[in-house]
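Okay, protein27.cif is below, mmCIF, N, CA and C atoms:
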```
data_input
loop_
_atom_site.group_PDB
_atom_site.id
_atom_site.type_symbol
_atom_site.label_atom_id
_atom_site.label_comp_id
_atom_site.auth_asym_id
_atom_site.auth_seq_id
_atom_site.Cartn_x
_atom_site.Cartn_y
_atom_site.Cartn_z
ATOM 1 N N MET A 19 1.384 -2.183 -15.014
ATOM 2 C CA MET A 19 0.973 -3.092 -13.962
ATOM 3 C C MET A 19 -0.358 -3.765 -14.290
ATOM 4 N N ALA A 20 -0.967 -3.423 -15.418
ATOM 5 C CA ALA A 20 -2.260 -4.000 -15.775
ATOM 6 C C ALA A 20 -2.170 -5.502 -16.018
ATOM 7 N N ASN A 21 -1.042 -5.993 -16.500
ATOM 8 C CA ASN A 21 -0.886 -7.412 -16.797
ATOM 9 C C ASN A 21 0.030 -8.114 -15.795
ATOM 10 N N CYS A 22 0.168 -7.561 -14.601
ATOM 11 C CA CYS A 22 1.075 -8.143 -13.614
ATOM 12 C C CYS A 22 0.457 -9.381 -12.969
ATOM 13 N N LYS A 23 1.314 -10.173 -12.351
ATOM 14 C CA LYS A 23 0.874 -11.365 -11.637
ATOM 15 C C LYS A 23 0.416 -10.954 -10.236
ATOM 16 N N PRO A 24 -0.830 -11.235 -9.851
ATOM 17 C CA PRO A 24 -1.317 -10.849 -8.521
ATOM 18 C C PRO A 24 -0.666 -11.660 -7.406
ATOM 19 N N VAL A 25 -0.598 -11.078 -6.215
ATOM 20 C CA VAL A 25 -0.061 -11.752 -5.029
ATOM 21 C C VAL A 25 -1.093 -11.699 -3.913
ATOM 22 N N GLY A 26 -0.968 -12.605 -2.939
ATOM 23 C CA GLY A 26 -1.949 -12.723 -1.867
ATOM 24 C C GLY A 26 -1.717 -11.837 -0.656
ATOM 25 N N THR A 27 -0.509 -11.289 -0.497
ATOM 26 C CA THR A 27 -0.210 -10.419 0.645
ATOM 27 C C THR A 27 0.532 -9.178 0.158
ATOM 28 N N PRO A 28 0.284 -8.027 0.779
ATOM 29 C CA PRO A 28 0.977 -6.810 0.335
ATOM 30 C C PRO A 28 2.434 -6.758 0.770
ATOM 31 N N MET A 29 2.745 -7.296 1.968
ATOM 32 C CA MET A 29 4.123 -7.272 2.470
ATOM 33 C C MET A 29 4.200 -8.144 3.707
ATOM 34 N N SER A 30 5.314 -8.779 3.895
ATOM 35 C CA SER A 30 5.541 -9.571 5.094
ATOM 36 C C SER A 30 5.929 -8.641 6.246
ATOM 37 N N PRO A 31 5.416 -8.890 7.462
ATOM 38 C CA PRO A 31 5.793 -8.039 8.601
ATOM 39 C C PRO A 31 7.287 -8.097 8.912
ATOM 40 N N SER A 32 7.960 -9.157 8.510
ATOM 41 C CA SER A 32 9.388 -9.278 8.796
ATOM 42 C C SER A 32 10.261 -8.653 7.709
ATOM 43 N N THR A 33 9.649 -8.032 6.710
ATOM 44 C CA THR A 33 10.408 -7.402 5.638
ATOM 45 C C THR A 33 11.215 -6.232 6.186
ATOM 46 N N LYS A 34 12.480 -6.215 5.849
ATOM 47 C CA LYS A 34 13.365 -5.138 6.285
ATOM 48 C C LYS A 34 13.598 -4.166 5.133
ATOM 49 N N LEU A 35 13.292 -2.915 5.351
ATOM 50 C CA LEU A 35 13.582 -1.864 4.383
ATOM 51 C C LEU A 35 14.712 -1.014 4.938
ATOM 52 N N SER A 36 15.581 -0.579 4.061
ATOM 53 C CA SER A 36 16.717 0.238 4.467
ATOM 54 C C SER A 36 16.869 1.392 3.486
ATOM 55 N N ALA A 37 17.345 2.506 3.975
ATOM 56 C CA ALA A 37 17.541 3.679 3.120
ATOM 57 C C ALA A 37 18.765 3.532 2.223
ATOM 58 N N PHE A 38 19.619 2.544 2.495
ATOM 59 C CA PHE A 38 20.883 2.439 1.771
ATOM 60 C C PHE A 38 21.103 1.077 1.114
ATOM 61 N N ASP A 39 20.055 0.315 0.884
ATOM 62 C CA ASP A 39 20.250 -1.043 0.379
ATOM 63 C C ASP A 39 20.271 -1.168 -1.142
ATOM 64 N N SER A 40 19.968 -0.109 -1.861
ATOM 65 C CA SER A 40 20.000 -0.159 -3.330
ATOM 66 C C SER A 40 20.179 1.259 -3.868
ATOM 67 N N PRO A 41 20.409 1.399 -5.179
ATOM 68 C CA PRO A 41 20.579 2.736 -5.767
ATOM 69 C C PRO A 41 19.298 3.564 -5.684
ATOM 70 N N SER A 42 19.464 4.861 -5.684
ATOM 71 C CA SER A 42 18.307 5.763 -5.657
ATOM 72 C C SER A 42 17.557 5.713 -6.980
ATOM 73 N N MET A 43 16.280 6.035 -6.911
ATOM 74 C CA MET A 43 15.464 6.059 -8.124
ATOM 75 C C MET A 43 15.828 7.275 -8.969
ATOM 76 N N ASN A 44 15.760 7.109 -10.291
ATOM 77 C CA ASN A 44 15.998 8.237 -11.191
ATOM 78 C C ASN A 44 14.853 9.233 -11.150
ATOM 79 N N ASP A 45 13.624 8.735 -10.941
ATOM 80 C CA ASP A 45 12.427 9.576 -10.937
ATOM 81 C C ASP A 45 11.686 9.409 -9.618
ATOM 82 N N PRO A 46 12.111 10.113 -8.546
ATOM 83 C CA PRO A 46 11.427 9.948 -7.260
ATOM 84 C C PRO A 46 9.983 10.450 -7.287
ATOM 85 N N PHE A 47 9.636 11.311 -8.257
ATOM 86 C CA PHE A 47 8.266 11.814 -8.336
ATOM 87 C C PHE A 47 7.280 10.676 -8.602
ATOM 88 N N LEU A 48 7.662 9.696 -9.400
ATOM 89 C CA LEU A 48 6.793 8.544 -9.673
ATOM 90 C C LEU A 48 6.497 7.796 -8.379
ATOM 91 N N TYR A 49 7.533 7.519 -7.608
ATOM 92 C CA TYR A 49 7.374 6.843 -6.312
ATOM 93 C C TYR A 49 6.464 7.657 -5.396
ATOM 94 N N GLN A 50 6.735 8.953 -5.299
ATOM 95 C CA GLN A 50 5.972 9.803 -4.398
ATOM 96 C C GLN A 50 4.508 9.909 -4.811
ATOM 97 N N SER A 51 4.234 9.958 -6.098
ATOM 98 C CA SER A 51 2.838 10.073 -6.537
ATOM 99 C C SER A 51 2.077 8.770 -6.332
ATOM 100 N N VAL A 52 2.725 7.631 -6.569
ATOM 101 C CA VAL A 52 2.039 6.346 -6.367
ATOM 102 C C VAL A 52 1.789 6.105 -4.884
ATOM 103 N N VAL A 53 2.795 6.335 -4.042
ATOM 104 C CA VAL A 53 2.619 6.124 -2.603
ATOM 105 C C VAL A 53 1.609 7.130 -2.039
ATOM 106 N N GLY A 54 1.615 8.354 -2.529
ATOM 107 C CA GLY A 54 0.612 9.325 -2.108
ATOM 108 C C GLY A 54 -0.793 8.880 -2.480
ATOM 109 N N SER A 55 -0.941 8.274 -3.642
ATOM 110 C CA SER A 55 -2.241 7.749 -4.056
ATOM 111 C C SER A 55 -2.661 6.578 -3.167
ATOM 112 N N LEU A 56 -1.704 5.756 -2.780
ATOM 113 C CA LEU A 56 -2.019 4.641 -1.886
ATOM 114 C C LEU A 56 -2.499 5.138 -0.523
ATOM 115 N N GLN A 57 -2.012 6.302 -0.096
ATOM 116 C CA GLN A 57 -2.473 6.882 1.170
ATOM 117 C C GLN A 57 -3.986 7.116 1.149
ATOM 118 N N TYR A 58 -4.514 7.558 0.004
ATOM 119 C CA TYR A 58 -5.954 7.796 -0.103
ATOM 120 C C TYR A 58 -6.744 6.500 -0.036
ATOM 121 N N LEU A 59 -6.166 5.411 -0.468
ATOM 122 C CA LEU A 59 -6.857 4.120 -0.387
ATOM 123 C C LEU A 59 -7.067 3.659 1.050
ATOM 124 N N LEU A 60 -6.273 4.167 1.972
ATOM 125 C CA LEU A 60 -6.369 3.717 3.355
ATOM 126 C C LEU A 60 -7.706 4.060 3.996
ATOM 127 N N PHE A 61 -8.474 4.969 3.417
ATOM 128 C CA PHE A 61 -9.800 5.281 3.953
ATOM 129 C C PHE A 61 -10.725 4.070 3.868
ATOM 130 N N THR A 62 -10.574 3.288 2.817
ATOM 131 C CA THR A 62 -11.453 2.137 2.621
ATOM 132 C C THR A 62 -10.712 0.808 2.595
ATOM 133 N N ARG A 63 -9.401 0.821 2.575
ATOM 134 C CA ARG A 63 -8.607 -0.413 2.522
ATOM 135 C C ARG A 63 -7.648 -0.451 3.704
ATOM 136 N N LEU A 64 -8.169 -0.774 4.867
ATOM 137 C CA LEU A 64 -7.351 -0.794 6.070
ATOM 138 C C LEU A 64 -6.310 -1.913 6.057
ATOM 139 N N ASP A 65 -6.496 -2.916 5.216
ATOM 140 C CA ASP A 65 -5.531 -4.002 5.121
ATOM 141 C C ASP A 65 -4.194 -3.544 4.543
ATOM 142 N N LEU A 66 -4.165 -2.363 3.969
ATOM 143 C CA LEU A 66 -2.942 -1.828 3.382
ATOM 144 C C LEU A 66 -2.160 -0.914 4.331
ATOM 145 N N ALA A 67 -2.706 -0.625 5.495
ATOM 146 C CA ALA A 67 -2.129 0.385 6.382
ATOM 147 C C ALA A 67 -0.671 0.094 6.737
ATOM 148 N N PHE A 68 -0.364 -1.123 7.116
ATOM 149 C CA PHE A 68 1.002 -1.454 7.535
ATOM 150 C C PHE A 68 1.988 -1.271 6.393
ATOM 151 N N SER A 69 1.691 -1.871 5.254
ATOM 152 C CA SER A 69 2.644 -1.838 4.147
ATOM 153 C C SER A 69 2.794 -0.439 3.553
ATOM 154 N N VAL A 70 1.713 0.316 3.452
ATOM 155 C CA VAL A 70 1.809 1.679 2.920
ATOM 156 C C VAL A 70 2.597 2.562 3.889
ATOM 157 N N ASN A 71 2.394 2.365 5.180
ATOM 158 C CA ASN A 71 3.155 3.132 6.165
ATOM 159 C C ASN A 71 4.656 2.844 6.034
ATOM 160 N N ARG A 72 5.010 1.595 5.793
ATOM 161 C CA ARG A 72 6.420 1.238 5.660
ATOM 162 C C ARG A 72 7.066 1.915 4.451
ATOM 163 N N VAL A 73 6.398 1.891 3.298
ATOM 164 C CA VAL A 73 7.003 2.506 2.110
ATOM 165 C C VAL A 73 6.906 4.032 2.163
ATOM 166 N N TYR A 74 5.948 4.565 2.911
ATOM 167 C CA TYR A 74 5.803 6.017 3.045
ATOM 168 C C TYR A 74 6.981 6.631 3.790
ATOM 169 N N GLN A 75 7.635 5.859 4.617
ATOM 170 C CA GLN A 75 8.760 6.362 5.402
ATOM 171 C C GLN A 75 9.958 6.744 4.538
ATOM 172 N N TYR A 76 9.971 6.335 3.267
ATOM 173 C CA TYR A 76 11.094 6.612 2.374
ATOM 174 C C TYR A 76 10.708 7.566 1.247
ATOM 175 N N MET A 77 9.704 8.393 1.474
ATOM 176 C CA MET A 77 9.252 9.337 0.451
ATOM 177 C C MET A 77 10.333 10.357 0.104
ATOM 178 N N HIS A 78 11.155 10.741 1.048
ATOM 179 C CA HIS A 78 12.152 11.781 0.820
ATOM 180 C C HIS A 78 13.287 11.321 -0.091
ATOM 181 N N SER A 79 13.609 10.014 -0.048
ATOM 182 C CA SER A 79 14.712 9.503 -0.858
ATOM 183 C C SER A 79 14.474 8.029 -1.202
ATOM 184 N N PRO A 80 13.579 7.759 -2.139
ATOM 185 C CA PRO A 80 13.256 6.356 -2.453
ATOM 186 C C PRO A 80 14.368 5.667 -3.236
ATOM 187 N N CYS A 81 14.545 4.392 -2.947
ATOM 188 C CA CYS A 81 15.506 3.543 -3.658
ATOM 189 C C CYS A 81 14.754 2.576 -4.560
ATOM 190 N N LEU A 82 15.479 1.902 -5.412
ATOM 191 C CA LEU A 82 14.858 0.931 -6.309
ATOM 192 C C LEU A 82 14.214 -0.218 -5.539
ATOM 193 N N SER A 83 14.798 -0.615 -4.415
ATOM 194 C CA SER A 83 14.195 -1.692 -3.618
ATOM 195 C C SER A 83 12.860 -1.252 -3.015
ATOM 196 N N HIS A 84 12.741 0.013 -2.652
ATOM 197 C CA HIS A 84 11.470 0.526 -2.139
ATOM 198 C C HIS A 84 10.409 0.491 -3.233
ATOM 199 N N TRP A 85 10.817 0.812 -4.463
ATOM 200 C CA TRP A 85 9.895 0.772 -5.595
ATOM 201 C C TRP A 85 9.401 -0.657 -5.831
ATOM 202 N N GLN A 86 10.262 -1.644 -5.610
ATOM 203 C CA GLN A 86 9.844 -3.044 -5.754
ATOM 204 C C GLN A 86 8.742 -3.388 -4.753
ATOM 205 N N PHE A 87 8.845 -2.873 -3.532
ATOM 206 C CA PHE A 87 7.811 -3.121 -2.530
ATOM 207 C C PHE A 87 6.509 -2.411 -2.890
ATOM 208 N N VAL A 88 6.605 -1.211 -3.452
ATOM 209 C CA VAL A 88 5.402 -0.504 -3.894
ATOM 210 C C VAL A 88 4.715 -1.293 -5.006
ATOM 211 N N LYS A 89 5.500 -1.835 -5.917
ATOM 212 C CA LYS A 89 4.912 -2.636 -6.989
ATOM 213 C C LYS A 89 4.256 -3.895 -6.436
ATOM 214 N N ARG A 90 4.799 -4.452 -5.366
ATOM 215 C CA ARG A 90 4.152 -5.615 -4.741
ATOM 216 C C ARG A 90 2.797 -5.217 -4.158
ATOM 217 N N ILE A 91 2.707 -4.045 -3.558
ATOM 218 C CA ILE A 91 1.415 -3.568 -3.038
ATOM 219 C C ILE A 91 0.424 -3.426 -4.184
ATOM 220 N N LEU A 92 0.874 -2.910 -5.311
ATOM 221 C CA LEU A 92 -0.018 -2.769 -6.472
ATOM 222 C C LEU A 92 -0.444 -4.138 -6.993
ATOM 223 N N ARG A 93 0.441 -5.109 -6.962
ATOM 224 C CA ARG A 93 0.069 -6.468 -7.368
ATOM 225 C C ARG A 93 -0.947 -7.062 -6.405
ATOM 226 N N TYR A 94 -0.822 -6.755 -5.112
ATOM 227 C CA TYR A 94 -1.807 -7.198 -4.127
ATOM 228 C C TYR A 94 -3.164 -6.549 -4.403
ATOM 229 N N LEU A 95 -3.150 -5.281 -4.774
ATOM 230 C CA LEU A 95 -4.405 -4.598 -5.097
ATOM 231 C C LEU A 95 -5.107 -5.261 -6.273
ATOM 232 N N LYS A 96 -4.331 -5.719 -7.227
ATOM 233 C CA LYS A 96 -4.941 -6.411 -8.362
ATOM 234 C C LYS A 96 -5.641 -7.687 -7.898
ATOM 235 N N GLN A 97 -5.054 -8.389 -6.935
ATOM 236 C CA GLN A 97 -5.635 -9.616 -6.402
ATOM 237 C C GLN A 97 -6.907 -9.340 -5.606
ATOM 238 N N THR A 98 -7.000 -8.176 -4.976
ATOM 239 C CA THR A 98 -8.081 -7.897 -4.027
ATOM 240 C C THR A 98 -8.916 -6.680 -4.438
ATOM 241 N N LEU A 99 -9.234 -6.569 -5.694
ATOM 242 C CA LEU A 99 -10.002 -5.412 -6.167
ATOM 243 C C LEU A 99 -11.372 -5.291 -5.512
ATOM 244 N N ASP A 100 -11.959 -6.401 -5.107
ATOM 245 C CA ASP A 100 -13.301 -6.349 -4.535
ATOM 246 C C ASP A 100 -13.307 -6.179 -3.017
ATOM 247 N N TYR A 101 -12.151 -5.994 -2.392
ATOM 248 C CA TYR A 101 -12.087 -5.740 -0.947
ATOM 249 C C TYR A 101 -12.324 -4.267 -0.670
ATOM 250 N N GLY A 102 -12.783 -3.949 0.547
ATOM 251 C CA GLY A 102 -12.915 -2.557 0.952
ATOM 252 C C GLY A 102 -14.122 -2.328 1.829
ATOM 253 N N LEU A 103 -14.213 -1.162 2.385
ATOM 254 C CA LEU A 103 -15.363 -0.754 3.174
ATOM 255 C C LEU A 103 -16.329 -0.011 2.274
ATOM 256 N N VAL A 104 -17.601 -0.244 2.491
ATOM 257 C CA VAL A 104 -18.623 0.466 1.733
ATOM 258 C C VAL A 104 -19.213 1.523 2.657
ATOM 259 N N LEU A 105 -19.050 2.773 2.284
ATOM 260 C CA LEU A 105 -19.572 3.887 3.072
ATOM 261 C C LEU A 105 -20.770 4.464 2.342
ATOM 262 N N THR A 106 -21.919 4.438 3.003
ATOM 263 C CA THR A 106 -23.132 4.965 2.390
ATOM 264 C C THR A 106 -23.750 6.010 3.314
ATOM 265 N N PRO A 107 -24.408 7.005 2.751
ATOM 266 C CA PRO A 107 -25.058 8.014 3.587
ATOM 267 C C PRO A 107 -26.268 7.414 4.303
ATOM 268 N N SER A 108 -26.563 7.946 5.472
ATOM 269 C CA SER A 108 -27.691 7.467 6.255
ATOM 270 C C SER A 108 -28.341 8.635 6.968
ATOM 271 N N SER A 109 -29.647 8.584 7.107
ATOM 272 C CA SER A 109 -30.355 9.647 7.827
ATOM 273 C C SER A 109 -30.375 9.375 9.330
ATOM 274 N N SER A 110 -30.009 8.169 9.731
ATOM 275 C CA SER A 110 -29.994 7.795 11.136
ATOM 276 C C SER A 110 -28.635 8.105 11.761
ATOM 277 N N PRO A 111 -28.613 8.702 12.970
ATOM 278 C CA PRO A 111 -27.333 9.005 13.627
ATOM 279 C C PRO A 111 -26.758 7.814 14.394
ATOM 280 N N VAL A 112 -27.306 6.626 14.204
ATOM 281 C CA VAL A 112 -26.867 5.439 14.933
ATOM 282 C C VAL A 112 -25.697 4.787 14.201
ATOM 283 N N LEU A 113 -24.684 4.445 14.952
ATOM 284 C CA LEU A 113 -23.515 3.756 14.409
ATOM 285 C C LEU A 113 -23.661 2.268 14.725
ATOM 286 N N ALA A 114 -23.575 1.433 13.715
ATOM 287 C CA ALA A 114 -23.682 -0.019 13.906
ATOM 288 C C ALA A 114 -22.413 -0.667 13.414
ATOM 289 N N ALA A 115 -21.914 -1.638 14.177
ATOM 290 C CA ALA A 115 -20.719 -2.371 13.781
ATOM 291 C C ALA A 115 -20.956 -3.847 14.031
ATOM 292 N N PHE A 116 -20.312 -4.681 13.234
ATOM 293 C CA PHE A 116 -20.466 -6.128 13.354
ATOM 294 C C PHE A 116 -19.080 -6.760 13.370
ATOM 295 N N SER A 117 -18.974 -7.848 14.117
ATOM 296 C CA SER A 117 -17.701 -8.560 14.199
ATOM 297 C C SER A 117 -17.985 -10.053 14.251
ATOM 298 N N ASP A 118 -17.094 -10.842 13.688
ATOM 299 C CA ASP A 118 -17.262 -12.290 13.748
ATOM 300 C C ASP A 118 -16.389 -12.927 14.822
ATOM 301 N N ALA A 119 -15.787 -12.122 15.688
ATOM 302 C CA ALA A 119 -14.932 -12.629 16.752
ATOM 303 C C ALA A 119 -15.781 -13.230 17.867
ATOM 304 N N ASP A 120 -15.249 -14.270 18.470
ATOM 305 C CA ASP A 120 -15.988 -14.913 19.601
ATOM 306 C C ASP A 120 -15.637 -14.269 20.912
#
```
Go ahead and express the file in the form of structure tokens.
Amino acid sequence: MANCKPVGTPMSPSTKLSAFDSPSMNDPFLYQSVVGSLQYLLFTRLDLAFSVNRVYQYMHSPCLSHWQFVKRILRYLKQTLDYGLVLTPSSSPVLAAFSDAD
């Protein structure tokens, strides 16, 4: 995936995933390890929450079409490597948040 073409969105909200739409993967461990790794990214990459949750629902029996969606998420990550939350230690117990909403 190092030389893949980046994409601007991880998944469309109207994307339909089904447990029976394609053949099962030969190596479900690969799917499970990549999706499990994506779960850890959710601590700092909240933009991935919807799409990772969708592919996580098929961890027990992944199909080739599910793997295609996981690869799309990885292509999105390549496009957005500099996105994320920066968590730094602080001696102050004050929580500050900022929003650009009107």
*Name the residues captured by the PyMOL selection byres ((chain A and resi 57-70) around 6.5) when it is applied to the shown file; answer as a PyMOL selection string.*
chain A and resi 28-29+52-56+71-75+101-103
*Apply the PyMOL selection byres ((chain A and resi 83) around 8) to the file shown and report the selected residues as number ranges by chain.*
A: 35-36, 39-43, 80-82, 84-89
*Å distance separating atom N of A:Leu99 from atom C of A:Ser30, one decimal place*: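 Going from atom N of A:Leu99 over to atom C of A:Ser30 covers 19.4 Å.
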*If you measure from atom N of A:Phe38 to atom CA of A:Val25, what distance in Å do you get, rounded to one decimal?*
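A separation of 25.5 Å between them.
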Draw an axis-aligned box over all listed atoms of stretch 98-104 of chain A, pad each side with 3 Å, and write its centre and edge lengths in Å, one decimal, as AutoDock Vina command-line options.
```
--center_x -13.1 --center_y -3.3 --center_z -1.5 --size_x 18.2 --size_y 15.7 --size_z 15.3
```
*Select from chain A everything DSSP, run on the backbone, classes as helix (DSSP H, G or I), then give the selection as a ChimeraX atom specification.*
/A:46-59,64-74,82-97
*Using atom C of A:Ser79 and atom CA of A:Pro46 as the two end points, give the distance in Å to one decimal.*
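Rounded to one decimal, the two atoms are 7.0 Å apart.
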*Apply the PyMOL selection byres (((chain A and resi 26 and name CA) around 9) and name CA) to the structure shown and report the selected residues as a PyMOL selection string.*
chain A and resi 24-25+27-28+93-94+97-98
